[in-house]
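Participant: Hey, dropping final21.pdb in here, PDB, C-alpha atoms, pLDDT in the B column:
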ATOM      1  CA  MET A   1      45.598  20.869  42.333  1.00 48.00           C
ATOM      2  CA  GLY A   2      45.812  24.635  42.070  1.00 49.00           C
ATOM      3  CA  ASN A   3      47.309  24.296  38.589  1.00 52.00           C
ATOM      4  CA  LEU A   4      44.358  22.146  37.473  1.00 50.00           C
ATOM      5  CA  ILE A   5      41.894  24.862  38.450  1.00 54.00           C
ATOM      6  CA  PHE A   6      44.031  27.507  36.766  1.00 57.00           C
ATOM      7  CA  SER A   7      44.280  25.363  33.693  1.00 73.00           C
ATOM      8  CA  THR A   8      40.463  24.869  33.586  1.00 76.00           C
ATOM      9  CA  LYS A   9      39.919  28.619  33.933  1.00 77.00           C
ATOM     10  CA  SER A  10      42.460  29.236  31.219  1.00 81.00           C
ATOM     11  CA  ILE A  11      40.701  26.838  28.860  1.00 83.00           C
ATOM     12  CA  PHE A  12      37.363  28.457  29.652  1.00 84.00           C
ATOM     13  CA  TYR A  13      38.706  31.938  28.818  1.00 85.00           C
ATOM     14  CA  HIS A  14      40.307  30.694  25.609  1.00 82.00           C
ATOM     15  CA  VAL A  15      37.060  29.069  24.504  1.00 87.00           C
ATOM     16  CA  LEU A  16      35.118  32.216  25.439  1.00 87.00           C
ATOM     17  CA  ALA A  17      37.544  34.388  23.472  1.00 88.00           C
ATOM     18  CA  LEU A  18      37.246  32.053  20.477  1.00 88.00           C
ATOM     19  CA  VAL A  19      33.426  32.180  20.569  1.00 89.00           C
ATOM     20  CA  ILE A  20      33.459  35.978  20.753  1.00 88.00           C
ATOM     21  CA  LEU A  21      35.929  36.178  17.870  1.00 86.00           C
ATOM     22  CA  LEU A  22      33.785  33.861  15.736  1.00 86.00           C
ATOM     23  CA  LEU A  23      30.663  35.942  16.452  1.00 84.00           C
ATOM     24  CA  VAL A  24      32.484  39.144  15.543  1.00 85.00           C
ATOM     25  CA  LEU A  25      33.634  37.595  12.249  1.00 80.00           C
ATOM     26  CA  ALA A  26      30.367  35.803  11.412  1.00 72.00           C
ATOM     27  CA  THR A  27      27.974  38.715  11.981  1.00 70.00           C
ATOM     28  CA  PRO A  28      29.181  40.888   9.063  1.00 71.00           C
ATOM     29  CA  VAL A  29      29.363  37.828   6.806  1.00 63.00           C
ATOM     30  CA  PHE A  30      25.729  37.004   7.622  1.00 54.00           C
ATOM     31  CA  PHE A  31      24.576  40.513   6.704  1.00 53.00           C
ATOM     32  CA  LEU A  32      26.720  40.636   3.566  1.00 54.00           C
ATOM     33  CA  LEU A  33      25.416  37.299   2.274  1.00 52.00           C
ATOM     34  CA  ARG A  34      21.766  37.995   3.134  1.00 50.00           C
ATOM     35  CA  PRO A  35      19.746  39.019   0.060  1.00 52.00           C
ATOM     36  CA  PRO A  36      18.944  42.732  -0.118  1.00 72.00           C
ATOM     37  CA  GLN A  37      15.480  43.810   1.038  1.00 74.00           C
ATOM     38  CA  ALA A  38      14.516  44.647  -2.545  1.00 80.00           C
ATOM     39  CA  ASP A  39      15.236  41.094  -3.691  1.00 84.00           C
ATOM     40  CA  ARG A  40      13.346  39.610  -0.758  1.00 83.00           C
ATOM     41  CA  LEU A  41      10.364  41.854  -1.493  1.00 87.00           C
ATOM     42  CA  ALA A  42      10.347  41.079  -5.218  1.00 87.00           C
ATOM     43  CA  LYS A  43      10.739  37.314  -4.897  1.00 86.00           C
ATOM     44  CA  ASN A  44       7.068  36.804  -3.927  1.00 84.00           C
ATOM     45  CA  THR A  45       3.659  37.883  -5.075  1.00 86.00           C
ATOM     46  CA  TRP A  46       1.951  39.128  -1.939  1.00 91.00           C
ATOM     47  CA  CYS A  47      -1.676  38.412  -1.058  1.00 89.00           C
ATOM     48  CA  VAL A  48      -3.069  41.675   0.329  1.00 93.00           C
ATOM     49  CA  ASP A  49      -5.305  41.097   3.341  1.00 92.00           C
ATOM     50  CA  ALA A  50      -6.081  44.673   4.364  1.00 95.00           C
ATOM     51  CA  ILE A  51      -5.591  48.261   3.252  1.00 97.00           C
ATOM     52  CA  ILE A  52      -6.176  50.761   6.024  1.00 97.00           C
ATOM     53  CA  TYR A  53      -6.396  54.461   5.182  1.00 97.00           C
ATOM     54  CA  LYS A  54      -6.722  57.059   7.933  1.00 96.00           C
ATOM     55  CA  LYS A  55      -7.351  54.213  10.401  1.00 95.00           C
ATOM     56  CA  LYS A  56     -10.313  52.858   8.393  1.00 97.00           C
ATOM     57  CA  LEU A  57     -10.374  49.541   6.545  1.00 96.00           C
ATOM     58  CA  ILE A  58     -10.999  50.476   2.903  1.00 96.00           C
ATOM     59  CA  GLY A  59      -9.860  47.464   0.953  1.00 92.00           C
ATOM     60  CA  PRO A  60      -8.651  45.711  -0.975  1.00 93.00           C
ATOM     61  CA  LYS A  61     -11.573  45.807  -3.414  1.00 91.00           C
ATOM     62  CA  THR A  62     -10.231  45.325  -6.911  1.00 89.00           C
ATOM     63  CA  LEU A  63     -12.762  45.208  -9.733  1.00 87.00           C
ATOM     64  CA  HIS A  64     -12.079  42.276 -12.078  1.00 72.00           C
ATOM     65  CA  ALA A  65      -9.422  40.902  -9.751  1.00 55.00           C
ATOM     66  CA  VAL A  66      -7.065  38.300 -11.120  1.00 57.00           C
ATOM     67  CA  PHE A  67      -7.549  34.910  -9.471  1.00 58.00           C
ATOM     68  CA  MET A  68      -4.521  33.305  -7.899  1.00 59.00           C
ATOM     69  CA  VAL A  69      -4.360  29.922  -6.207  1.00 51.00           C
ATOM     70  CA  TYR A  70      -1.667  29.336  -3.641  1.00 56.00           C
ATOM     71  CA  SER A  71       0.952  26.814  -4.532  1.00 49.00           C
ATOM     72  CA  ASN A  72      -0.295  24.572  -1.736  1.00 53.00           C
ATOM     73  CA  GLY A  73      -3.745  24.678  -3.380  1.00 51.00           C
ATOM     74  CA  THR A  74      -5.680  25.367  -0.209  1.00 57.00           C
ATOM     75  CA  ARG A  75      -6.629  29.036  -0.390  1.00 63.00           C
ATOM     76  CA  PRO A  76      -7.305  31.405  -3.255  1.00 72.00           C
ATOM     77  CA  CYS A  77      -5.971  34.943  -3.240  1.00 79.00           C
ATOM     78  CA  TYR A  78      -7.910  37.517  -5.223  1.00 79.00           C
ATOM     79  CA  GLU A  79      -6.010  40.638  -4.206  1.00 88.00           C
ATOM     80  CA  ASN A  80      -2.311  40.736  -5.103  1.00 88.00           C
ATOM     81  CA  ALA A  81       0.614  43.106  -4.753  1.00 93.00           C
ATOM     82  CA  ALA A  82       3.697  42.524  -6.871  1.00 92.00           C
ATOM     83  CA  PHE A  83       7.005  44.378  -6.503  1.00 95.00           C
ATOM     84  CA  GLN A  84       9.077  43.718  -9.618  1.00 94.00           C
ATOM     85  CA  LYS A  85      12.889  43.911  -9.585  1.00 92.00           C
ATOM     86  CA  ASN A  86      12.740  46.524 -12.368  1.00 94.00           C
ATOM     87  CA  GLY A  87      10.802  48.906 -10.066  1.00 94.00           C
ATOM     88  CA  GLU A  88       7.326  48.242 -11.441  1.00 96.00           C
ATOM     89  CA  LEU A  89       4.542  47.754  -8.929  1.00 95.00           C
ATOM     90  CA  SER A  90       0.961  46.524  -8.969  1.00 94.00           C
ATOM     91  CA  LEU A  91      -1.396  46.960  -6.038  1.00 95.00           C
ATOM     92  CA  PRO A  92      -5.029  45.993  -5.503  1.00 93.00           C
ATOM     93  CA  GLY A  93      -7.638  48.613  -6.302  1.00 93.00           C
ATOM     94  CA  ILE A  94     -10.141  50.325  -4.048  1.00 94.00           C
ATOM     95  CA  ASP A  95     -13.432  49.904  -5.949  1.00 92.00           C
ATOM     96  CA  SER A  96     -11.255  50.147  -9.051  1.00 92.00           C
ATOM     97  CA  ARG A  97      -9.027  48.073 -11.276  1.00 91.00           C
ATOM     98  CA  ALA A  98      -5.582  47.128 -10.013  1.00 91.00           C
ATOM     99  CA  ILE A  99      -3.216  50.055  -9.470  1.00 94.00           C
ATOM    100  CA  ALA A 100       0.038  50.319 -11.430  1.00 96.00           C
ATOM    101  CA  GLY A 101       3.036  52.248 -10.250  1.00 97.00           C
ATOM    102  CA  SER A 102       6.674  52.157  -9.294  1.00 97.00           C
ATOM    103  CA  TRP A 103       8.659  51.521  -6.159  1.00 96.00           C
ATOM    104  CA  ALA A 104      12.189  51.876  -4.817  1.00 94.00           C
ATOM    105  CA  ILE A 105      13.954  51.530  -1.493  1.00 92.00           C
ATOM    106  CA  ASP A 106      15.562  54.834  -0.475  1.00 91.00           C
ATOM    107  CA  GLU A 107      18.863  55.361   1.340  1.00 89.00           C
ATOM    108  CA  ASP A 108      17.014  55.310   4.687  1.00 90.00           C
ATOM    109  CA  GLY A 109      15.647  51.828   3.959  1.00 89.00           C
ATOM    110  CA  ARG A 110      12.079  52.970   3.367  1.00 94.00           C
ATOM    111  CA  ILE A 111       9.935  52.163   0.352  1.00 95.00           C
ATOM    112  CA  GLN A 112       8.978  55.021  -1.948  1.00 97.00           C
ATOM    113  CA  ILE A 113       5.753  54.281  -3.841  1.00 97.00           C
ATOM    114  CA  ASN A 114       4.436  56.263  -6.790  1.00 97.00           C
ATOM    115  CA  VAL A 115       1.170  55.217  -8.482  1.00 96.00           C
ATOM    116  CA  ASP A 116      -0.875  56.215 -11.524  1.00 90.00           C
ATOM    117  CA  THR A 117      -4.225  56.428  -9.677  1.00 92.00           C
ATOM    118  CA  LEU A 118      -5.425  56.694  -6.075  1.00 95.00           C
ATOM    119  CA  GLY A 119      -2.277  58.644  -5.221  1.00 95.00           C
ATOM    120  CA  LYS A 120      -3.756  60.158  -2.065  1.00 96.00           C
ATOM    121  CA  ILE A 121      -4.060  56.623  -0.666  1.00 96.00           C
ATOM    122  CA  PHE A 122      -0.981  54.830  -2.022  1.00 97.00           C
ATOM    123  CA  LYS A 123       1.659  57.411  -2.991  1.00 97.00           C
ATOM    124  CA  GLY A 124       4.231  58.050  -0.291  1.00 97.00           C
ATOM    125  CA  THR A 125       7.060  56.827   1.874  1.00 97.00           C
ATOM    126  CA  TYR A 126       6.528  53.570   3.734  1.00 97.00           C
ATOM    127  CA  SER A 127       8.369  51.936   6.573  1.00 96.00           C
ATOM    128  CA  PHE A 128       8.023  48.201   6.308  1.00 93.00           C
ATOM    129  CA  TYR A 129       8.240  44.922   8.147  1.00 93.00           C
ATOM    130  CA  LEU A 130       9.296  42.023   5.967  1.00 90.00           C
ATOM    131  CA  SER A 131       9.659  38.427   7.044  1.00 87.00           C
ATOM    132  CA  GLU A 132       9.739  35.290   4.942  1.00 81.00           C
ATOM    133  CA  ASN A 133       5.919  35.152   4.898  1.00 87.00           C
ATOM    134  CA  THR A 134       4.595  38.551   5.998  1.00 91.00           C
ATOM    135  CA  LEU A 135       4.733  42.083   4.626  1.00 94.00           C
ATOM    136  CA  VAL A 136       3.446  45.151   6.459  1.00 96.00           C
ATOM    137  CA  LEU A 137       3.791  48.602   4.857  1.00 97.00           C
ATOM    138  CA  ARG A 138       3.100  51.805   6.833  1.00 97.00           C
ATOM    139  CA  SER A 139       3.003  55.389   5.615  1.00 97.00           C
ATOM    140  CA  ALA A 140       1.676  58.446   7.439  1.00 96.00           C
ATOM    141  CA  GLN A 141      -1.907  57.591   6.452  1.00 96.00           C
ATOM    142  CA  THR A 142      -1.919  54.114   4.860  1.00 97.00           C
ATOM    143  CA  GLU A 143      -1.156  50.611   6.115  1.00 97.00           C
ATOM    144  CA  ILE A 144      -1.025  47.545   3.875  1.00 97.00           C
ATOM    145  CA  TYR A 145      -0.991  44.033   5.344  1.00 95.00           C
ATOM    146  CA  ALA A 146      -0.041  41.089   3.124  1.00 93.00           C
ATOM    147  CA  HIS A 147       1.258  37.531   3.200  1.00 90.00           C
ATOM    148  CA  ASN A 148       2.645  35.096   0.670  1.00 84.00           C
ATOM    149  CA  ASP A 149       1.663  31.527  -0.077  1.00 69.00           C
ATOM    150  CA  LYS A 150       3.991  30.144   2.585  1.00 67.00           C
ATOM    151  CA  GLY A 151       2.336  31.946   5.463  1.00 57.00           C
ATOM    152  CA  THR A 152      -0.892  32.846   7.111  1.00 59.00           C
ATOM    153  CA  PRO A 153      -2.394  36.324   7.002  1.00 60.00           C
ATOM    154  CA  PRO A 154      -0.686  38.763   9.374  1.00 59.00           C
ATOM    155  CA  SER A 155      -2.542  39.902  12.462  1.00 59.00           C
ATOM    156  CA  LEU A 156      -3.710  43.495  12.234  1.00 56.00           C
ATOM    157  CA  PHE A 157      -3.340  43.770  16.004  1.00 51.00           C
ATOM    158  CA  LEU A 158       0.375  43.047  16.295  1.00 55.00           C
ATOM    159  CA  ASP A 159       2.799  45.937  16.409  1.00 56.00           C
ATOM    160  CA  TYR A 160       5.167  45.273  13.481  1.00 50.00           C
TER     161      TYR A 160
END
Here is the file; what I need is its structure written in the form of structure tokens.

Facilitator:
Amino acid sequence: MGNLIFSTKSIFYHVLALVILLLVLATPVFFLLRPPQADRLAKNTWCVDAIIYKKKLIGPKTLHAVFMVYSNGTRPCYENAAFQKNGELSLPGIDSRAIAGSWAIDEDGRIQINVDTLGKIFKGTYSFYLSENTLVLRSAQTEIYAHNDKGTPPSLFLDY
């Protein structure tokens, strides 16, 4: 009877060791096979819900905004942000036409944005939260909240 208990413990420890080994091997594979942040950011056109500058809601307010209908056909999006794989960027305006610029992810994993106009608002280094459906960009003075056609607008009150 004592051998049966020992044998059950032995099996338990072998199974536990196997599970730990599989987790150790699978974790790097998961991160290696996951698309880079830049690809995930560029794969969608983002519907911008809010632009906050110095803690005040200032936009988006693009003049002559391009009309976009979600693929599910239920909600229109007038204010878009697009991060192209070639580094080009378009952002909604603030009582202006859409803003053109460039973007890149630096070695610290932050987004560097450079724009042709409204630089005091948009130009800078942004930390970001990116999920399948939500994008939140934060610089020292500017926050941009956006979602894609698969999701609902992000809450401005959650701490991303």

Participant: Report the residues retrieved by the PyMOL selection byres ((chain A and resi 136) around 9) from the displayed file, expressed as a VMD selection string.

Facilitator: chain A and resid 127 to 130 134 to 135 137 to 138 143 to 147 154 160

Participant: Could you pull the residues within 6 Å of Val115 in chain A, counting all atoms listed in the file, minus those fewer than 2 positions along the same chain, as a compact mmCIF listing (two decimals) with C-alpha atoms, keeping the file's coordinate frame?

Facilitator:
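This went into result-v5.txt:
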# COMPACT_ATOMS: atom_id res chain seq x y z
CA ALA A 100 0.04 50.32 -11.43
CA GLY A 101 3.04 52.25 -10.25
CA THR A 117 -4.22 56.43 -9.68
CA GLY A 119 -2.28 58.64 -5.22
CA LYS A 123 1.66 57.41 -2.99

Participant: Please, what distance in Å, to one decimal, runs between CA of Tyr126 in chain A and CA of Lys61 in chain A?

Facilitator: 21.0 Å

Participant: So, with all atoms listed in the file as the atoms that count, which of A:Ala82, A:Ala98, A:Ile52, A:Ile121 lies closest to Arg40 in chain A?

Facilitator: A:Ala82

Participant: Here is a test: counting only C-alpha atoms, which residue of A:Asn114, A:His14, A:Asn148, A:Gly93 is nearest to Asn133 in chain A?

Facilitator: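 Residue with the minimum atom-to-atom distance to Asn133 in chain A: A:Asn148.
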
Participant: Could you tell me how far CA of Glu79 in chain A sits from CA of Asp95 in chain A, in Å to one decimal place?

Facilitator: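 Interatomic distance here is 12.0 Å.
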
Participant: Taking all atoms listed in the file into account, name the residue in A:Thr125, A:Asn80, A:Lys120, A:Lys55 that is nearest to Asp108 in chain A.

Facilitator: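 Counting all atoms listed in the file, the residue closest to Asp108 in chain A is A:Thr125.
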
Participant: Check the smallest atom-to-atom distance from each of A:Ser10, A:Asn44, A:Asp116, A:Arg110 to Glu132 in chain A using only C-alpha atoms, then report the winner.

Facilitator: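 Counting only C-alpha atoms, the residue closest to Glu132 in chain A is A:Asn44.
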